[in-house]
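Student: Can you keep this structure in mind? I'll have questions shortly.
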There are 2 protein chains.
Amino acid sequence: MKILHTADWHIGKKLYEYDLYDEQKYAFQQIKEIANKYAVDAIVIAGDLYDRSIPSEQAIRLLESMLVDLNIENEFPIIAISGNHDSARRLGAAKRWYEARKYYLRTELTVSETGVRTLDAVEFADTQFFLVPFFNPKSTRSYFNNEKIETMSDAMKCVVAECKKQFKPNKAHVLVGHCFVAGSSHEDSEIQSMVGGLDEVPVDIFKDFDYVALGHLHNKNALKAKNAKYSGSPVKFSLSEIKNQKGVYIYDTLTKTEEFVALKDKTPIVKIEGSLYELCQPSKYRAVPDNAFVFVTLTDREVIPTVMQQLKQCYPRVVHVERKYGLIALKENTINLLEAKLTPFEVTSQFFSQTQDRELTTQDKDVLQKIIDEVLEEDQQ
Amino acid sequence: MKILHTADWHIGKKLYEYDLYDEQKYAFQQIKEIANKYAVDAIVIAGDLYDRSIPSEQAIRLLESMLVDLNIENEFPIIAISGNHDSARRLGAAKRWYEARKYYLRTELTVSETGVRTLDAVEFADTQFFLVPFFNPKSTRSYFNNEKIETMSDAMKCVVAECKKQFKPNKAHVLVGHCFVAGSSHEDSEIQSMVGGLDEVPVDIFKDFDYVALGHLHNKNALKAKNAKYSGSPVKFSLSEIKNQKGVYIYDTLTKTEEFVALKDKTPIVKIEGSLYELCQPSKYRAVPDNAFVFVTLTDREVIPTVMQQLKQCYPRVVHVERKYGLIALKENTINLLEAKLTPFEVTSQFFSQTQDRELTTQDKDVLQKIIDEVLEEDQQ
């Protein structure tokens, strides 16, 4: 059978202030087209379907529509697990109903009252799938009846042993997991999850599987291994991914070969560098598409109060601005404006003099006072 | 066919500080037994499955297990709608998959891309069900293509017209709704929802239906009407429901008759009144079961700092204490202890002298200072 392997959709994720729903929909449409073009027999989603444990209603709506489209409208079987970003309980609440449509979702290592275990193989005609949701190693002790489990490696050895007991020699064996496999390299957009204390699993633990469909790391090249792949995320989630090629794997369990199929980005991510003056020249900004997500490195050193507004006039979707050489140190007698208890008038005029190196004129002061009075009046209404 | 009509499960609701999960499980077990005993052909749940739009993981786990039990293990078809306490989007996220198991859930008035409308009848051999989720009247304007809809009555007239167009004369017609029907009386535990601006629907709007299975009001006697019933909630959620009989309706679409089947309470709700001294006499508290939820009306007028602890020694699950005659006004020179900036030592000793009408002794002060020092030390560790 042929499977499409994807992961780390992170529906609901933002790039700083920008929603990525349009980018995620665009990637999804391509994934659906690829699934149809290659006539795959199942779609594997290796965790982190949502970006947050309590997703927004908008994120729920979007993921629901995608899964309905794939599984109900297009009748693709789906094999999915929860990742560290998903709430196992929330994502998995309807899983007992999904199976009637061949949408196999596993979110927790549990044993049912009738003895059904999460790691019981999902059987297809020529392939056995073993679904390993993200877990905290120690939480698996009761599932494996093994109090000695401490690390992710300890737990994953038990996982593999349980899978191998079920191996049917005439079938291919595919493990679906969401973890950090030793030797992988990671990107900015995953660092937060790494801090959570997730530890490494040596890749050779998985040597007896024909294919290991991994999620967690967002770069398809994160791991160099023959039988284990990270598909990577379908959308770029950070500046560090600027040069990564996004895509999905098509794995054929008969020929035991995989093919990486690229996805196009809807929105370019662009990094620019220069002084504000240089970057705001037409010759410079006209070279950058209006819809691009733009990361700016400024070479100026002075405080520029309206820098974001000025940049957005030239690059409508500035994501982030950083200073290459830092800021000129403020004068010694600078007051920490946030800590000092000042009136709105005082804080504004002192900020002005600190950053502009001159005092407000009498006329400036009149205007400032008028604005402050208006704002305070509105506040009281 | 025979249907079991229930509503307002409010999974996750608390009675002040007390979870009601055990009470809800106990009621559920009885509902399941009744469904089996009467061999009903479907179970109708008329809204407010959850108590909150974002339920806790524990609430999700419990409702999931109940619905799996009824629909998957016991193979009862389920007909359900969202109420004003549910998030239509969150509750309904998996509804496309539920239908394969004959679990029909409607949470929003929508028209699908293929023209399927929420109010399209759910057809059983001898009965048509029309599922009307809770809605805000104006939000139905686009569904009905009618900009004049202002009130709940306006919207419900459109609902009924759409249902009646689909009426098959050889079938019974059942509407499932979650709204406030004119002439109904309500209880404490629903007041919050009423404030939300829900308006009334005259009961004769529904005259052409054989049965209207309602949710929203928690008292089965809230509405006096021949063909429209509130099942009421299966569990008591407030003191005002102390004397209500909880239960479910069994409706037979062939004989067009209904029967109310009572549910037993797991936990009695008890109201007691007297002075603290009286209520703490064994003759008094031994008459109240230890597991009872107890509402106390105290006849004392003085401040009693440890009143809750003292009451709980006699009645372990005191829910709420109120004063029949109010409190004696504090002395004129009383310091508002919360507003004054005092050290922990000062605030404690002043509270003591205000409430006990004497000063701390030197020995008391030593003990107090020692305790404060220990607490502060722990804080710093």
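We name chains A, B, ... following the order of the structure tokens; residues begin at 1 in each chain, and ligands are numbered from 1 as shown.
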Determine, for each residue of chain B having at least one atom at most 7 Å from an atom of chain A, the closest pair of atoms and their separation in Å to one decimal, counting only C-alpha atoms; order by chain and ascending number, as CSV.

Tutor:
residue,atom,partner,partner_atom,distance
B:Glu57,CA,A:Arg89,CA,6.1
B:Ile60,CA,A:Ala93,CA,6.9
B:Arg61,CA,A:Arg89,CA,7.0
B:Glu64,CA,A:Ala93,CA,6.2
B:Arg89,CA,A:Glu57,CA,6.2
B:Arg90,CA,A:Glu57,CA,6.7
B:Ala93,CA,A:Glu64,CA,6.1
B:Ala94,CA,A:Ala94,CA,6.4
B:Trp97,CA,A:Tyr98,CA,5.8
B:Tyr98,CA,A:Trp97,CA,5.8
B:Ala100,CA,A:Ala100,CA,6.8

Student: For the residues in the current selection, export N, CA and C atoms as a PDB file, in the first residue's frame.

Tutor:
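Output (part34.pdb):
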ATOM      1  N   GLU B  57     -10.977  18.905  30.930  1.00  0.00           N
ATOM      2  CA  GLU B  57     -10.656  17.585  30.381  1.00  0.00           C
ATOM      3  C   GLU B  57     -11.429  16.496  31.118  1.00  0.00           C
ATOM      4  N   ILE B  60     -14.888  16.413  29.702  1.00  0.00           N
ATOM      5  CA  ILE B  60     -14.849  15.809  28.364  1.00  0.00           C
ATOM      6  C   ILE B  60     -14.757  14.295  28.479  1.00  0.00           C
ATOM      7  N   ARG B  61     -13.883  13.846  29.380  1.00  0.00           N
ATOM      8  CA  ARG B  61     -13.701  12.402  29.580  1.00  0.00           C
ATOM      9  C   ARG B  61     -15.016  11.750  30.009  1.00  0.00           C
ATOM     10  N   GLU B  64     -17.709  11.815  27.163  1.00  0.00           N
ATOM     11  CA  GLU B  64     -17.298  10.853  26.143  1.00  0.00           C
ATOM     12  C   GLU B  64     -17.647   9.432  26.579  1.00  0.00           C
ATOM     13  N   ARG B  89     -19.436  25.002  18.348  1.00  0.00           N
ATOM     14  CA  ARG B  89     -18.277  24.595  17.554  1.00  0.00           C
ATOM     15  C   ARG B  89     -17.509  23.470  18.227  1.00  0.00           C
ATOM     16  N   ARG B  90     -17.284  23.603  19.539  1.00  0.00           N
ATOM     17  CA  ARG B  90     -16.486  22.586  20.229  1.00  0.00           C
ATOM     18  C   ARG B  90     -17.262  21.282  20.382  1.00  0.00           C
ATOM     19  N   ALA B  93     -17.653  19.367  16.876  1.00  0.00           N
ATOM     20  CA  ALA B  93     -16.514  19.215  15.967  1.00  0.00           C
ATOM     21  C   ALA B  93     -16.468  17.856  15.262  1.00  0.00           C
ATOM     22  N   ALA B  94     -16.971  16.817  15.869  1.00  0.00           N
ATOM     23  CA  ALA B  94     -16.858  15.483  15.256  1.00  0.00           C
ATOM     24  C   ALA B  94     -18.195  14.976  14.725  1.00  0.00           C
ATOM     25  N   TRP B  97     -18.735  12.426  11.916  1.00  0.00           N
ATOM     26  CA  TRP B  97     -18.380  11.021  12.149  1.00  0.00           C
ATOM     27  C   TRP B  97     -19.431  10.301  12.999  1.00  0.00           C
ATOM     28  N   TYR B  98     -20.112  11.058  13.853  1.00  0.00           N
ATOM     29  CA  TYR B  98     -21.082  10.423  14.747  1.00  0.00           C
ATOM     30  C   TYR B  98     -22.203   9.735  13.951  1.00  0.00           C
ATOM     31  N   ALA B 100     -22.378   7.963  11.381  1.00  0.00           N
ATOM     32  CA  ALA B 100     -22.198   6.573  10.955  1.00  0.00           C
ATOM     33  C   ALA B 100     -22.715   5.604  12.025  1.00  0.00           C
TER      34      ALA B 100
END

Student: Both chains have the same sequence, so superpose chain A on chain B over all Cα atoms paired in order and return it as a short mmCIF file (atom, residue, chain, number, x, y, z; two decimals) with C-alpha atoms, in the first residue's frame.

Tutor:
data_model
loop_
_atom_site.label_atom_id
_atom_site.label_comp_id
_atom_site.auth_asym_id
_atom_site.auth_seq_id
_atom_site.Cartn_x
_atom_site.Cartn_y
_atom_site.Cartn_z
CA MET A 1 -41.39 4.23 18.19
CA LYS A 2 -40.50 4.91 21.79
CA ILE A 3 -38.07 7.63 22.75
CA LEU A 4 -36.37 8.52 25.99
CA HIS A 5 -36.24 12.27 26.47
CA THR A 6 -33.57 13.78 28.72
CA ALA A 7 -31.65 17.08 28.75
CA ASP A 8 -29.34 19.38 30.71
CA TRP A 9 -26.74 16.85 31.79
CA HIS A 10 -24.28 19.71 32.42
CA ILE A 11 -21.36 17.33 32.69
CA GLY A 12 -18.60 19.07 34.67
CA LYS A 13 -20.96 21.23 36.75
CA LYS A 14 -20.09 21.85 40.38
CA LEU A 15 -22.31 22.49 43.38
CA TYR A 16 -20.18 25.24 44.93
CA GLU A 17 -16.89 23.44 45.71
CA TYR A 18 -18.20 19.93 45.04
CA ASP A 19 -17.83 18.02 41.78
CA LEU A 20 -21.01 16.21 40.75
CA TYR A 21 -19.37 13.51 38.63
CA ASP A 22 -20.51 10.72 40.95
CA GLU A 23 -24.07 12.05 40.98
CA GLN A 24 -24.03 12.37 37.19
CA LYS A 25 -22.71 8.82 36.74
CA TYR A 26 -25.38 7.49 39.08
CA ALA A 27 -28.15 9.23 37.16
CA PHE A 28 -26.67 8.05 33.87
CA GLN A 29 -26.69 4.40 34.96
CA GLN A 30 -30.39 4.71 35.75
CA ILE A 31 -31.09 6.39 32.40
CA LYS A 32 -29.35 3.51 30.63
CA GLU A 33 -31.34 0.97 32.62
CA ILE A 34 -34.60 2.75 31.84
CA ALA A 35 -33.71 2.89 28.14
CA ASN A 36 -33.14 -0.86 28.17
CA LYS A 37 -36.15 -1.68 30.32
CA TYR A 38 -38.49 0.31 28.07
CA ALA A 39 -36.61 -0.86 24.96
CA VAL A 40 -36.64 2.63 23.54
CA ASP A 41 -35.79 3.17 19.88
CA ALA A 42 -33.84 6.39 20.41
CA ILE A 43 -32.52 8.64 23.16
CA VAL A 44 -33.08 12.38 22.85
CA ILE A 45 -30.73 14.76 24.69
CA ALA A 46 -32.11 18.28 24.39
CA GLY A 47 -28.98 20.38 24.94
CA ASP A 48 -26.47 21.42 27.60
CA LEU A 49 -24.55 18.19 27.49
CA TYR A 50 -21.59 20.03 29.03
CA ASP A 51 -21.72 22.74 31.65
CA ARG A 52 -19.06 24.91 29.98
CA SER A 53 -18.08 25.83 26.46
CA ILE A 54 -14.52 24.61 27.13
CA PRO A 55 -15.09 21.55 29.30
CA SER A 56 -12.31 20.03 31.39
CA GLU A 57 -10.59 16.86 30.21
CA GLN A 58 -12.35 15.01 33.02
CA ALA A 59 -15.75 16.21 31.79
CA ILE A 60 -14.86 15.22 28.22
CA ARG A 61 -13.80 11.78 29.40
CA LEU A 62 -17.06 11.25 31.30
CA LEU A 63 -19.41 12.40 28.54
CA GLU A 64 -17.46 10.36 25.98
CA SER A 65 -17.79 7.22 28.10
CA MET A 66 -21.54 7.79 28.53
CA LEU A 67 -22.18 8.31 24.83
CA VAL A 68 -19.98 5.35 23.87
CA ASP A 69 -21.93 3.25 26.34
CA LEU A 70 -25.35 4.29 25.01
CA ASN A 71 -24.61 4.59 21.32
CA ILE A 72 -21.81 2.11 20.59
CA GLU A 73 -22.07 -0.53 23.33
CA ASN A 74 -25.86 -0.48 23.72
CA GLU A 75 -26.57 0.59 20.14
CA PHE A 76 -29.22 3.17 20.98
CA PRO A 77 -29.63 5.83 18.31
CA ILE A 78 -29.01 9.25 19.88
CA ILE A 79 -30.63 12.51 18.85
CA ALA A 80 -28.93 15.49 20.43
CA ILE A 81 -28.54 19.25 20.12
CA SER A 82 -26.25 21.81 21.73
CA GLY A 83 -27.57 24.10 24.46
CA ASN A 84 -26.49 27.54 25.53
CA HIS A 85 -23.84 26.06 27.83
CA ASP A 86 -22.20 24.06 25.05
CA SER A 87 -19.77 25.39 22.48
CA ALA A 88 -21.48 24.48 19.22
CA ARG A 89 -18.13 24.19 17.52
CA ARG A 90 -16.36 22.10 20.15
CA LEU A 91 -19.28 19.79 20.91
CA GLY A 92 -20.04 19.30 17.25
CA ALA A 93 -16.53 18.77 15.86
CA ALA A 94 -16.99 15.06 15.12
CA LYS A 95 -20.66 15.10 14.19
CA ARG A 96 -20.10 13.92 10.63
CA TRP A 97 -18.66 10.66 11.98
CA TYR A 98 -21.36 10.14 14.61
CA GLU A 99 -24.07 9.66 12.01
CA ALA A 100 -22.63 6.35 10.79
CA ARG A 101 -23.68 5.02 14.23
CA LYS A 102 -27.05 6.82 14.21
CA TYR A 103 -25.93 9.46 16.65
CA TYR A 104 -27.52 12.57 15.17
CA LEU A 105 -26.05 15.77 16.64
CA ARG A 106 -26.90 19.29 15.49
CA THR A 107 -25.10 22.28 16.94
CA GLU A 108 -25.48 25.13 14.44
CA LEU A 109 -28.02 26.25 11.85
CA THR A 110 -26.00 25.85 8.66
CA VAL A 111 -26.38 24.90 5.03
CA SER A 112 -23.73 22.53 3.66
CA GLU A 113 -22.07 22.93 0.28
CA THR A 114 -24.37 20.25 -1.06
CA GLY A 115 -27.44 22.03 0.29
CA VAL A 116 -28.04 19.92 3.40
CA ARG A 117 -29.80 22.07 6.00
CA THR A 118 -29.58 21.60 9.76
CA LEU A 119 -33.36 21.47 10.00
CA ASP A 120 -33.68 18.68 7.44
CA ALA A 121 -35.64 15.98 9.25
CA VAL A 122 -33.89 12.99 10.75
CA GLU A 123 -36.13 10.23 9.45
CA PHE A 124 -37.09 7.13 11.39
CA ALA A 125 -39.61 4.56 10.15
CA ASP A 126 -42.61 6.23 11.75
CA THR A 127 -41.23 9.53 13.05
CA GLN A 128 -39.56 12.68 11.80
CA PHE A 129 -37.23 14.46 14.21
CA PHE A 130 -36.40 18.14 13.79
CA LEU A 131 -33.26 19.13 15.70
CA VAL A 132 -33.09 22.79 16.74
CA PRO A 133 -29.82 23.63 18.50
CA PHE A 134 -29.67 26.65 20.79
CA PHE A 135 -29.08 29.82 18.79
CA ASN A 136 -28.92 33.57 19.02
CA PRO A 137 -31.97 34.81 17.05
CA LYS A 138 -30.15 37.33 14.86
CA SER A 139 -27.52 34.74 13.91
CA THR A 140 -30.27 32.81 12.08
CA ARG A 141 -30.89 35.59 9.54
CA SER A 142 -28.62 34.16 6.88
CA TYR A 143 -29.88 30.61 7.41
CA PHE A 144 -33.47 31.74 6.82
CA ASN A 145 -32.49 34.49 4.39
CA ASN A 146 -34.60 36.86 6.47
CA GLU A 147 -33.09 40.10 7.74
CA LYS A 148 -36.14 40.93 9.85
CA ILE A 149 -35.50 38.31 12.51
CA GLU A 150 -35.01 40.03 15.87
CA THR A 151 -36.43 37.87 18.63
CA MET A 152 -36.39 34.20 19.53
CA SER A 153 -40.06 34.06 18.55
CA ASP A 154 -39.31 35.47 15.09
CA ALA A 155 -36.63 32.86 14.55
CA MET A 156 -38.65 29.99 15.96
CA LYS A 157 -41.55 30.83 13.62
CA CYS A 158 -39.16 30.36 10.72
CA VAL A 159 -37.90 27.12 12.25
CA VAL A 160 -41.42 25.76 12.55
CA ALA A 161 -42.33 26.81 9.01
CA GLU A 162 -39.30 24.98 7.63
CA CYS A 163 -40.14 21.87 9.63
CA LYS A 164 -43.79 21.86 8.59
CA LYS A 165 -42.89 21.99 4.91
CA GLN A 166 -41.23 18.64 5.41
CA PHE A 167 -44.02 17.01 7.42
CA LYS A 168 -44.99 13.58 6.14
CA PRO A 169 -48.59 12.95 7.17
CA ASN A 170 -48.03 9.26 7.92
CA LYS A 171 -45.32 9.99 10.46
CA ALA A 172 -45.17 11.53 13.92
CA HIS A 173 -43.37 14.87 14.22
CA VAL A 174 -41.02 15.56 17.10
CA LEU A 175 -39.10 18.79 17.62
CA VAL A 176 -36.04 18.84 19.88
CA GLY A 177 -35.20 22.30 21.20
CA HIS A 178 -33.31 24.21 23.85
CA CYS A 179 -35.05 27.46 24.69
CA PHE A 180 -37.29 29.27 27.14
CA VAL A 181 -40.93 28.66 26.38
CA ALA A 182 -43.34 31.35 27.60
CA GLY A 183 -45.24 30.43 30.71
CA SER A 184 -42.40 28.35 32.07
CA SER A 185 -41.03 28.98 35.52
CA HIS A 186 -37.35 28.68 36.24
CA GLU A 187 -35.03 27.68 39.05
CA ASP A 188 -31.85 29.13 40.53
CA SER A 189 -29.54 26.89 38.56
CA GLU A 190 -30.78 28.32 35.27
CA ILE A 191 -30.84 31.98 36.14
CA GLN A 192 -27.38 32.61 34.81
CA SER A 193 -28.43 31.43 31.39
CA MET A 194 -31.53 33.60 31.41
CA VAL A 195 -29.45 36.72 31.94
CA GLY A 196 -27.81 35.97 28.61
CA GLY A 197 -30.73 37.66 26.92
CA LEU A 198 -32.57 34.57 25.84
CA ASP A 199 -36.13 35.49 25.14
CA GLU A 200 -39.39 33.65 25.24
CA VAL A 201 -41.15 31.52 22.69
CA PRO A 202 -44.97 31.20 22.99
CA VAL A 203 -45.81 27.55 23.38
CA ASP A 204 -48.55 27.57 20.74
CA ILE A 205 -45.90 28.06 18.05
CA PHE A 206 -45.31 24.34 18.48
CA LYS A 207 -48.94 23.24 18.28
CA ASP A 208 -48.53 21.15 15.14
CA PHE A 209 -45.86 18.88 16.59
CA ASP A 210 -46.83 15.67 18.28
CA TYR A 211 -44.11 16.14 20.87
CA VAL A 212 -41.62 18.87 21.69
CA ALA A 213 -38.66 17.55 23.67
CA LEU A 214 -37.26 20.58 25.45
CA GLY A 215 -34.11 21.36 27.36
CA HIS A 216 -32.95 24.49 29.21
CA LEU A 217 -35.14 24.54 32.32
CA HIS A 218 -34.19 22.01 34.97
CA ASN A 219 -37.61 21.35 36.47
CA LYS A 220 -39.87 18.88 34.71
CA ASN A 221 -42.86 20.93 35.81
CA ALA A 222 -41.55 24.20 34.42
CA LEU A 223 -44.07 24.18 31.58
CA LYS A 224 -47.72 23.17 31.57
CA ALA A 225 -48.43 22.14 28.01
CA LYS A 226 -49.98 19.11 26.43
CA ASN A 227 -47.42 18.35 23.72
CA ALA A 228 -44.26 20.10 25.00
CA LYS A 229 -42.19 18.99 27.97
CA TYR A 230 -39.00 19.91 29.71
CA SER A 231 -37.48 16.64 30.90
CA GLY A 232 -35.49 18.58 33.49
CA SER A 233 -31.92 17.81 34.47
CA PRO A 234 -31.14 14.32 35.77
CA VAL A 235 -29.31 15.76 38.80
CA LYS A 236 -30.19 18.59 41.19
CA PHE A 237 -27.91 21.55 40.68
CA SER A 238 -29.17 24.02 43.29
CA LEU A 239 -30.94 24.39 46.60
CA SER A 240 -34.08 25.56 44.83
CA GLU A 241 -34.40 22.10 43.28
CA ILE A 242 -34.43 20.39 46.67
CA LYS A 243 -37.98 19.12 46.32
CA ASN A 244 -37.99 18.47 42.57
CA GLN A 245 -38.42 14.93 41.34
CA LYS A 246 -35.76 14.20 38.74
CA GLY A 247 -36.42 11.84 35.85
CA VAL A 248 -36.85 11.31 32.14
CA TYR A 249 -39.83 11.14 29.81
CA ILE A 250 -40.65 8.08 27.74
CA TYR A 251 -42.70 9.19 24.75
CA ASP A 252 -44.48 6.77 22.45
CA THR A 253 -45.03 8.22 18.98
CA LEU A 254 -47.72 5.65 18.16
CA THR A 255 -49.96 6.12 21.17
CA LYS A 256 -48.85 9.78 21.48
CA THR A 257 -48.55 9.42 25.23
CA GLU A 258 -45.70 10.12 27.56
CA GLU A 259 -44.70 8.70 30.89
CA PHE A 260 -42.40 10.31 33.43
CA VAL A 261 -39.93 7.83 34.91
CA ALA A 262 -38.27 8.98 38.12
CA LEU A 263 -34.54 8.93 38.86
CA LYS A 264 -33.20 8.41 42.35
CA ASP A 265 -30.78 10.96 43.78
CA LYS A 266 -27.39 9.60 44.77
CA THR A 267 -26.84 12.39 47.25
CA PRO A 268 -29.56 14.08 49.33
CA ILE A 269 -29.62 17.86 49.49
CA VAL A 270 -30.53 18.98 53.00
CA LYS A 271 -31.34 22.40 54.38
CA ILE A 272 -30.84 22.98 58.11
CA GLU A 273 -31.40 26.00 60.31
CA GLY A 274 -30.39 26.91 63.86
CA SER A 275 -27.58 28.33 65.94
CA LEU A 276 -24.14 26.81 65.55
CA TYR A 277 -24.52 25.34 69.02
CA GLU A 278 -27.83 23.70 68.18
CA LEU A 279 -26.68 22.38 64.80
CA CYS A 280 -23.59 20.81 66.36
CA GLN A 281 -25.61 18.72 68.79
CA PRO A 282 -25.42 14.97 67.99
CA SER A 283 -29.20 14.67 68.03
CA LYS A 284 -29.27 17.18 65.20
CA TYR A 285 -26.39 16.12 62.96
CA ARG A 286 -26.93 12.38 63.34
CA ALA A 287 -30.24 12.81 61.51
CA VAL A 288 -28.40 14.01 58.40
CA PRO A 289 -26.54 11.45 56.24
CA ASP A 290 -22.77 12.05 56.07
CA ASN A 291 -22.79 12.26 52.28
CA ALA A 292 -25.57 14.87 52.13
CA PHE A 293 -24.99 18.24 50.51
CA VAL A 294 -25.94 20.59 53.34
CA PHE A 295 -27.13 24.18 53.06
CA VAL A 296 -27.00 25.90 56.44
CA THR A 297 -28.97 28.89 57.68
CA LEU A 298 -27.37 30.14 60.89
CA THR A 299 -29.43 32.09 63.41
CA ASP A 300 -26.32 33.39 65.23
CA ARG A 301 -25.48 37.04 64.64
CA GLU A 302 -21.84 37.24 65.76
CA VAL A 303 -18.77 36.67 63.59
CA ILE A 304 -17.54 33.08 64.12
CA PRO A 305 -14.13 32.75 62.44
CA THR A 306 -14.07 28.94 62.29
CA VAL A 307 -17.74 28.41 61.51
CA MET A 308 -17.11 26.35 58.37
CA GLN A 309 -14.64 24.02 60.07
CA GLN A 310 -17.00 23.49 63.02
CA LEU A 311 -19.95 22.77 60.76
CA LYS A 312 -17.95 20.37 58.58
CA GLN A 313 -17.04 18.31 61.63
CA CYS A 314 -20.74 17.58 61.98
CA TYR A 315 -21.80 17.79 58.32
CA PRO A 316 -18.84 16.79 56.12
CA ARG A 317 -20.27 18.27 52.92
CA VAL A 318 -21.49 21.72 53.89
CA VAL A 319 -22.15 23.49 50.61
CA HIS A 320 -23.08 26.98 51.74
CA VAL A 321 -23.75 28.95 54.92
CA GLU A 322 -25.98 31.97 55.20
CA ARG A 323 -27.07 34.10 58.14
CA LYS A 324 -30.77 34.38 58.87
CA TYR A 325 -30.54 37.68 60.72
CA GLY A 326 -27.31 39.08 59.29
CA LEU A 327 -24.21 39.86 61.30
CA ILE A 328 -23.89 42.21 64.25
CA ALA A 329 -22.49 45.46 62.87
CA LEU A 330 -18.81 45.78 63.54
CA LYS A 331 -17.70 48.54 65.92
CA GLU A 332 -17.60 52.06 64.57
CA ASN A 333 -13.86 52.33 64.76
CA THR A 334 -13.49 49.14 62.76
CA ILE A 335 -10.79 49.38 60.15
CA ASN A 336 -11.48 47.91 56.80
CA LEU A 337 -8.75 45.34 57.09
CA LEU A 338 -8.54 44.64 53.42
CA GLU A 339 -8.05 48.26 52.43
CA ALA A 340 -5.66 49.34 55.18
CA LYS A 341 -2.03 48.60 54.47
CA LEU A 342 -1.13 46.54 57.50
CA THR A 343 1.51 43.94 58.28
CA PRO A 344 0.32 40.34 58.66
CA PHE A 345 0.82 40.72 62.42
CA GLU A 346 -1.31 43.87 62.56
CA VAL A 347 -4.11 42.53 60.40
CA THR A 348 -4.37 39.35 62.46
CA SER A 349 -4.33 41.04 65.85
CA GLN A 350 -6.85 43.68 64.77
CA PHE A 351 -9.15 41.04 63.32
CA PHE A 352 -8.90 39.19 66.62
CA SER A 353 -9.78 42.18 68.72
CA GLN A 354 -12.64 43.19 66.42
CA THR A 355 -14.24 39.78 66.48
CA GLN A 356 -13.39 38.57 70.00
CA ASP A 357 -13.82 41.85 71.81
CA ARG A 358 -10.50 41.57 73.63
CA GLU A 359 -6.86 42.17 72.77
CA LEU A 360 -4.26 39.45 72.18
CA THR A 361 -2.29 38.62 75.32
CA THR A 362 1.51 38.88 75.32
CA GLN A 363 1.68 35.12 75.00
CA ASP A 364 -0.82 35.15 72.09
CA LYS A 365 1.31 37.75 70.38
CA ASP A 366 4.46 35.65 70.73
CA VAL A 367 2.74 32.66 69.18
CA LEU A 368 1.31 34.76 66.36
CA GLN A 369 4.66 36.33 65.54
CA LYS A 370 6.33 32.91 65.51
CA ILE A 371 3.75 31.53 63.07
CA ILE A 372 4.08 34.53 60.78
CA ASP A 373 7.87 34.24 60.79
CA GLU A 374 7.66 30.58 59.84
CA VAL A 375 5.25 31.25 57.01
CA LEU A 376 7.35 34.08 55.62
CA GLU A 377 10.45 31.92 55.82
CA GLU A 378 8.73 29.14 53.85
CA ASP A 379 7.65 31.68 51.28
CA GLN A 380 11.23 32.69 50.68
CA GLN A 381 12.46 29.16 50.16
#

Student: Run DSSP on the backbone and tell me which residues of stretch 134-250 of chain A come out as alpha helix (DSSP H); list them as a ChimeraX atom specification.

Tutor: /A:141-144,152-166,188-195

Student: Run DSSP on the backbone and grab whatever in stretch 127-217 of chain A lands in strand (DSSP E); send it over as a list in words.

Tutor: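 Listing strand (DSSP E) positions across stretch 127-217 of chain A yields Thr127, Gln128, Phe129, Phe130, Leu131, Val132, Ala172, His173, Val174, Leu175, Val176, Gly177, His178, Phe180, Val181, Glu200, Val201, Tyr211, Val212, Ala213, Leu214 and Gly215 of chain A.
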